[in-house]
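This is my_file-v2.txt. It holds compact mmCIF, C-alpha atoms.
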# COMPACT_ATOMS: atom_id res chain seq x y z
CA MET P 1 -145.19 -85.43 89.36
CA SER P 2 -147.65 -83.60 87.11
CA SER P 3 -148.34 -85.36 83.84
CA TRP P 4 -147.31 -82.27 81.90
CA LEU P 5 -144.04 -82.08 83.83
CA ALA P 6 -143.24 -85.67 82.87
CA ASP P 7 -143.82 -84.67 79.23
CA TYR P 8 -141.56 -81.64 79.66
CA GLU P 9 -138.75 -83.71 81.11
CA LYS P 10 -139.06 -86.28 78.33
CA GLN P 11 -139.48 -83.95 75.36
CA GLY P 12 -137.68 -80.82 76.57
CA TYR P 13 -140.75 -78.63 76.11
CA TYR P 14 -144.43 -78.34 76.91
CA PHE P 15 -147.29 -76.37 75.31
CA PRO P 16 -149.85 -74.90 75.15
CA VAL P 17 -150.55 -73.33 78.54
CA SER P 18 -153.23 -70.63 78.71
CA VAL P 19 -151.95 -67.69 80.80
CA LEU P 20 -153.50 -64.42 79.56
CA ASP P 21 -157.13 -63.66 78.75
CA ALA P 22 -158.10 -61.94 75.50
CA ALA P 23 -158.56 -58.48 77.03
CA THR P 24 -155.15 -58.61 78.72
CA VAL P 25 -153.42 -59.74 75.53
CA GLN P 26 -155.06 -56.91 73.63
CA ARG P 27 -153.95 -54.39 76.27
CA TYR P 28 -150.35 -55.62 76.31
CA ARG P 29 -150.13 -55.66 72.52
CA ALA P 30 -151.53 -52.12 72.38
CA GLU P 31 -148.93 -50.95 74.92
CA LEU P 32 -146.13 -52.57 72.96
CA GLU P 33 -147.21 -51.06 69.68
CA ALA P 34 -147.70 -47.64 71.27
CA MET P 35 -144.11 -47.84 72.50
CA GLU P 36 -142.92 -48.84 69.02
CA ALA P 37 -144.80 -45.90 67.48
CA ARG P 38 -143.47 -43.47 70.07
CA TYR P 39 -139.86 -44.44 69.38
CA GLN P 40 -140.28 -45.16 65.67
CA THR P 41 -137.56 -42.71 64.65
CA ASP P 42 -135.18 -43.74 67.43
CA THR P 43 -134.43 -47.22 66.16
CA ASP P 44 -131.56 -47.76 68.60
CA LEU P 45 -133.72 -47.08 71.64
CA LYS P 46 -136.59 -49.15 70.28
CA LYS P 47 -134.24 -52.06 69.61
CA LEU P 48 -132.90 -51.76 73.16
CA ALA P 49 -136.43 -51.95 74.59
CA ILE P 50 -137.37 -54.94 72.43
CA GLY P 51 -134.23 -56.83 73.41
CA GLN P 52 -134.20 -55.94 77.12
CA ALA P 53 -137.93 -55.77 77.61
CA ASN P 54 -138.36 -56.55 81.30
CA SER P 55 -135.68 -54.00 82.21
CA LEU P 56 -137.27 -51.11 80.33
CA ILE P 57 -140.99 -51.84 79.84
CA PRO P 58 -143.14 -52.02 83.01
CA PHE P 59 -145.87 -54.26 81.60
CA VAL P 60 -143.27 -56.85 80.57
CA ASP P 61 -141.91 -56.95 84.11
CA GLU P 62 -145.52 -57.44 85.20
CA ILE P 63 -145.89 -60.43 82.88
CA THR P 64 -142.71 -62.05 84.19
CA ARG P 65 -144.12 -61.95 87.74
CA ALA P 66 -147.59 -63.34 86.95
CA ASP P 67 -148.39 -66.38 89.09
CA ASN P 68 -150.09 -68.28 86.28
CA ILE P 69 -146.78 -68.08 84.42
CA LEU P 70 -144.54 -68.60 87.44
CA ASN P 71 -146.43 -71.58 88.88
CA PRO P 72 -145.42 -74.02 86.12
CA VAL P 73 -141.90 -72.54 86.16
CA ARG P 74 -141.74 -73.28 89.89
CA GLU P 75 -142.65 -76.90 89.19
CA ILE P 76 -139.63 -77.14 86.92
CA LEU P 77 -137.07 -75.01 88.77
CA GLY P 78 -138.31 -74.86 92.35
CA PRO P 79 -139.47 -71.86 94.42
CA ASN P 80 -136.46 -69.55 93.95
CA ILE P 81 -136.43 -67.93 90.52
CA LEU P 82 -134.67 -65.08 88.74
CA VAL P 83 -135.47 -63.52 85.39
CA TRP P 84 -132.14 -63.41 83.56
CA ASN P 85 -133.49 -61.65 80.48
CA SER P 86 -136.70 -61.10 78.53
CA SER P 87 -137.07 -60.01 74.92
CA PHE P 88 -139.63 -59.79 72.15
CA PHE P 89 -139.32 -61.78 68.94
CA ILE P 90 -141.40 -60.02 66.31
CA LYS P 91 -141.86 -61.02 62.69
CA GLU P 92 -143.70 -58.59 60.46
CA PRO P 93 -146.28 -59.95 57.97
CA HIS P 94 -144.89 -61.40 54.75
CA THR P 95 -141.25 -60.84 55.68
CA GLU P 96 -138.25 -63.13 55.39
CA ASN P 97 -137.00 -62.99 58.98
CA PHE P 98 -136.46 -66.40 60.57
CA ILE P 99 -134.65 -68.08 63.46
CA SER P 100 -132.21 -70.85 62.64
CA TRP P 101 -131.97 -74.14 64.52
CA HIS P 102 -130.06 -73.48 67.74
CA GLN P 103 -129.80 -74.16 71.47
CA ASP P 104 -130.43 -71.24 73.81
CA LEU P 105 -127.67 -71.91 76.31
CA THR P 106 -124.88 -71.96 73.72
CA TYR P 107 -123.72 -68.37 74.23
CA TRP P 108 -125.31 -67.35 77.51
CA GLY P 109 -122.21 -67.86 79.61
CA LEU P 110 -124.03 -69.70 82.41
CA THR P 111 -122.46 -72.42 84.52
CA ASP P 112 -125.33 -74.92 84.35
CA SER P 113 -128.71 -75.59 82.74
CA HIS P 114 -131.09 -74.75 85.59
CA GLU P 115 -133.12 -72.65 83.18
CA VAL P 116 -136.44 -72.65 81.39
CA THR P 117 -137.59 -70.30 78.66
CA VAL P 118 -141.23 -69.24 78.59
CA TRP P 119 -142.54 -67.96 75.26
CA VAL P 120 -145.79 -65.97 75.52
CA ALA P 121 -147.82 -65.33 72.37
CA LEU P 122 -149.27 -61.82 72.00
CA SER P 123 -150.52 -62.72 68.52
CA ALA P 124 -151.32 -66.04 66.88
CA ALA P 125 -148.28 -68.26 66.45
CA THR P 126 -149.17 -70.57 63.57
CA VAL P 127 -147.25 -72.55 60.99
CA GLN P 128 -148.09 -69.82 58.48
CA SER P 129 -146.89 -67.02 60.77
CA GLY P 130 -143.62 -68.81 61.57
CA CYS P 131 -144.25 -70.38 64.96
CA MET P 132 -141.41 -72.03 66.86
CA LYS P 133 -140.59 -75.66 66.23
CA PHE P 134 -138.81 -78.12 68.51
CA ILE P 135 -136.93 -81.36 68.04
CA PRO P 136 -138.16 -83.60 70.88
CA GLY P 137 -135.62 -85.03 73.31
CA THR P 138 -132.62 -83.02 72.13
CA HIS P 139 -132.26 -81.38 75.55
CA THR P 140 -130.87 -84.61 77.01
CA GLY P 141 -127.54 -84.27 75.23
CA SER P 142 -124.93 -81.57 75.57
CA ILE P 143 -124.44 -78.29 73.74
CA VAL P 144 -123.46 -79.14 70.17
CA GLY P 145 -121.33 -77.08 67.81
CA HIS P 146 -122.80 -73.93 66.29
CA ARG P 147 -121.59 -71.80 63.43
CA ASP P 148 -122.10 -68.06 62.94
CA THR P 149 -123.72 -66.85 59.73
CA PHE P 150 -124.51 -63.19 60.54
CA ASP P 151 -127.45 -63.53 58.16
CA GLU P 152 -129.31 -60.22 58.30
CA LYS P 153 -132.64 -62.04 58.04
CA ASN P 154 -131.83 -64.20 61.05
CA LEU P 155 -133.23 -62.74 64.29
CA LEU P 156 -130.47 -64.27 66.43
CA SER P 157 -127.58 -62.03 67.49
CA ARG P 158 -124.88 -63.83 65.48
CA GLY P 159 -127.10 -65.67 63.05
CA GLN P 160 -125.94 -68.76 64.89
CA GLU P 161 -127.10 -72.18 63.71
CA LEU P 162 -126.48 -75.77 64.66
CA ALA P 163 -123.43 -77.25 62.99
CA VAL P 164 -125.20 -80.61 62.78
CA ASP P 165 -127.91 -81.83 60.46
CA VAL P 166 -131.49 -81.56 61.72
CA ASN P 167 -134.22 -83.80 60.35
CA GLU P 168 -137.12 -81.44 59.68
CA GLU P 169 -139.50 -84.39 59.71
CA ASP P 170 -138.86 -84.72 63.45
CA ALA P 171 -139.89 -81.12 64.15
CA VAL P 172 -142.96 -80.29 66.23
CA ASP P 173 -144.73 -77.01 65.44
CA VAL P 174 -145.44 -74.89 68.53
CA VAL P 175 -148.83 -73.51 67.55
CA LEU P 176 -150.12 -71.03 70.14
CA LYS P 177 -153.19 -68.83 70.41
CA PRO P 178 -152.79 -65.28 71.71
CA GLY P 179 -152.45 -65.55 75.49
CA GLU P 180 -150.96 -69.04 75.45
CA MET P 181 -147.36 -69.91 76.28
CA SER P 182 -144.85 -72.68 75.78
CA LEU P 183 -142.00 -73.74 78.05
CA HIS P 184 -138.73 -75.16 76.78
CA HIS P 185 -135.36 -76.32 78.08
CA GLY P 186 -132.32 -74.26 77.15
CA GLN P 187 -130.69 -77.16 75.29
CA VAL P 188 -133.60 -78.33 73.12
CA PHE P 189 -133.10 -77.75 69.39
CA HIS P 190 -135.52 -75.09 68.16
CA GLY P 191 -136.01 -72.49 65.45
CA SER P 192 -138.75 -70.90 63.35
CA ASN P 193 -139.63 -70.10 59.75
CA THR P 194 -140.68 -66.86 58.05
CA ASN P 195 -144.02 -65.13 58.59
CA LYS P 196 -146.27 -65.67 55.59
CA SER P 197 -149.42 -64.50 57.36
CA ASN P 198 -151.21 -61.13 57.30
CA ASP P 199 -150.50 -60.33 60.96
CA ARG P 200 -147.41 -59.67 63.02
CA ARG P 201 -146.08 -62.67 64.93
CA ILE P 202 -145.33 -61.30 68.39
CA GLY P 203 -143.77 -63.47 71.07
CA LEU P 204 -142.25 -62.59 74.42
CA ALA P 205 -139.38 -64.85 75.53
CA ILE P 206 -138.68 -64.91 79.28
CA ARG P 207 -135.53 -66.67 80.51
CA TYR P 208 -135.96 -67.94 84.06
CA ILE P 209 -133.02 -69.34 86.02
CA THR P 210 -132.29 -70.51 89.57
CA PRO P 211 -130.14 -68.29 91.82
CA ASP P 212 -127.39 -70.93 92.11
CA MET P 213 -126.49 -70.34 88.48
CA GLN P 214 -123.73 -67.85 87.71
CA GLN P 215 -121.91 -66.35 84.76
CA THR P 216 -118.73 -67.99 83.54
CA ILE P 217 -116.96 -64.62 83.55
CA ASN P 218 -115.91 -62.91 86.76
CA GLU P 219 -118.55 -60.19 86.50
CA LYS P 220 -122.17 -60.08 87.59
CA THR P 221 -124.97 -59.51 85.11
CA ASP P 222 -128.33 -58.08 86.14
CA ALA P 223 -131.30 -60.25 87.07
CA LYS P 224 -134.64 -59.77 88.79
CA LEU P 225 -135.84 -61.91 91.69
CA VAL P 226 -139.45 -62.86 90.89
CA SER P 227 -140.02 -65.77 93.27
CA GLY P 228 -138.58 -66.92 96.61
CA VAL P 229 -135.16 -65.86 97.81
CA ASP P 230 -131.63 -65.52 96.49
CA GLU P 231 -129.11 -66.99 98.91
CA PHE P 232 -126.22 -67.05 96.43
CA HIS P 233 -125.86 -63.42 95.24
CA HIS P 234 -124.31 -64.42 91.92
CA PHE P 235 -126.22 -61.72 90.05
CA ASN P 236 -126.81 -58.01 90.48
CA LEU P 237 -130.46 -57.94 91.55
CA THR P 238 -132.37 -55.02 90.06
CA ASP P 239 -135.83 -53.62 90.69
CA ALA P 240 -138.79 -53.31 88.36
CA PRO P 241 -138.50 -50.57 85.70
CA ARG P 242 -139.09 -47.07 87.03
CA GLY P 243 -141.20 -46.31 83.96
CA LEU P 244 -141.20 -46.78 80.21
CA LEU P 245 -137.61 -46.41 79.01
CA ASP P 246 -136.63 -44.48 82.12
CA PRO P 247 -133.26 -42.72 81.61
CA GLU P 248 -131.68 -44.33 84.70
CA ASP P 249 -132.87 -47.77 83.59
CA ILE P 250 -131.43 -47.16 80.11
CA VAL P 251 -128.00 -46.37 81.56
CA ALA P 252 -128.08 -49.46 83.78
CA THR P 253 -129.28 -51.66 80.92
CA ARG P 254 -126.52 -50.50 78.59
CA ARG P 255 -123.98 -51.22 81.33
CA ASP P 256 -125.38 -54.73 81.70
CA ILE P 257 -125.32 -55.32 77.94
CA ALA P 258 -121.64 -54.38 77.83
CA ILE P 259 -120.92 -57.15 80.33
CA ARG P 260 -123.10 -59.66 78.48
CA GLN P 261 -121.34 -58.97 75.19
CA LYS P 262 -118.21 -60.56 76.66
CA PHE P 263 -119.83 -64.00 76.48
CA LEU P 264 -122.66 -63.49 73.98
CA MET P 265 -120.13 -62.53 71.30
CA ALA P 266 -117.18 -64.52 72.62
CA GLY P 267 -114.90 -65.76 69.85
CA VAL P 268 -116.24 -63.29 67.30
CA ASP P 269 -113.48 -61.03 66.02
CA GLN P 270 -114.84 -60.66 62.52
CA LYS P 271 -117.74 -61.83 60.45
CA THR P 272 -117.31 -65.27 58.95
What would you get if you wrote out this structure as structure tokens?
Amino acid sequence: MSSWLADYEKQGYYFPVSVLDAATVQRYRAELEAMEARYQTDTDLKKLAIGQANSLIPFVDEITRADNILNPVREILGPNILVWNSSFFIKEPHTENFISWHQDLTYWGLTDSHEVTVWVALSAATVQSGCMKFIPGTHTGSIVGHRDTFDEKNLLSRGQELAVDVNEEDAVDVVLKPGEMSLHHGQVFHGSNTNKSNDRRIGLAIRYITPDMQQTINEKTDAKLVSGVDEFHHFNLTDAPRGLLDPEDIVATRRDIAIRQKFLMAGVDQKT
């Protein structure tokens, strides 16, 4: 077993791993920000692209298939890998957006925890800019209770937060340079603070799962096969994006979101 893999299994995370060179990071960031500028007045479409990035943005799909990202994922999950979802988490300079303490798998409606999230930095993730922070070893337990806050400054869909106390002194700051990534287990406690820096904090989260996983509802969500084979057919396998925000991809993505809402927002009838 690789020494880093032993650390991952013990702590529930591992970082930093260098995956993109400076020129590539600059190119990807420029493409992202060109997309944002192009759809600046269409906030709904821009939000869709940010939240479903690998389904609508070709360069994001490219990132999810890069071997220097997939190789460590293969060491954790094995050779057969799907991308279940990928989205950007962006905090503008000197803003109050944050991410509360939570566990990823809480609302994903998946039958097991054969998952790893890769978080790729397209700008510096520092303590000042509101980098992620983990509580070591918390992945070894089960999913704990969460409560919904619907805080508008919280970047999570329901403003969900752990319904247990977290000792901030135990937190480990996930400081990453542009082009570096972290890997974390879907049950590890994590969150992030506000961005007090002068630059945007741009991170791309990629959720990799094994094909034996399935949704807890009797409907298939979309996924992309990025390594090996899928012998289970629990997901609707889709191809790479046809182009940037292609109309056919938009229709398919909205259809997939409608299915996902059934578990992502399960139990939410009104704001509490």
Find the residues around segment 178-192 of chain P up to 8 Å (all atoms listed in the file counted), leave out those fewer than 4 positions away in its own chain, and share them as a PyMOL selection string.
chain P and resi 8+12-22+25+98-106+113+115-125+130-143+174
Write out as a ChimeraX atom specification each polymer residue whose atoms come within 8 Å of segment 84-94 of chain P, counting all atoms listed in the file; drop sequence neighbours fewer than 3 positions from it.
/P:50-54,97-98,129,155,194-209,222-224
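Take atom CA of Asp170 of chain P and atom CA of Pro72 of chain P: the distance between them is 25.9 Å.
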Report, in Å with one decimal, the straight-line distance from atom CA of Glu33 of chain P to atom CA of Phe150 of chain P.
27.3 Å
12 Å contact set for Ile250 of chain P, all atoms listed in the file, chain neighbours under 4 positions out, as number ranges by chain:
P: 44-49, 52-57, 241-246, 254-257
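Of the listed residues P:Asn71, P:Gln261, P:Gln128, P:Asn80, the one whose atoms come nearest to Ile217 of chain P is P:Gln261, with distances taken using all atoms listed in the file.
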Calculated over all atoms listed in the file, which of the candidates P:Asn154, P:Val83, P:Pro58, P:Val226 has the smallest distance to Glu96 of chain P?
P:Asn154
Atom pair atom CA of Glu219 of chain P + atom CA of His233 of chain P, distance 11.8 Å
Counting only C-alpha atoms, figure out which residue out of P:Lys153, P:Phe232, P:Trp108, P:Thr126 gets nearest to Leu264 of chain P.
P:Trp108
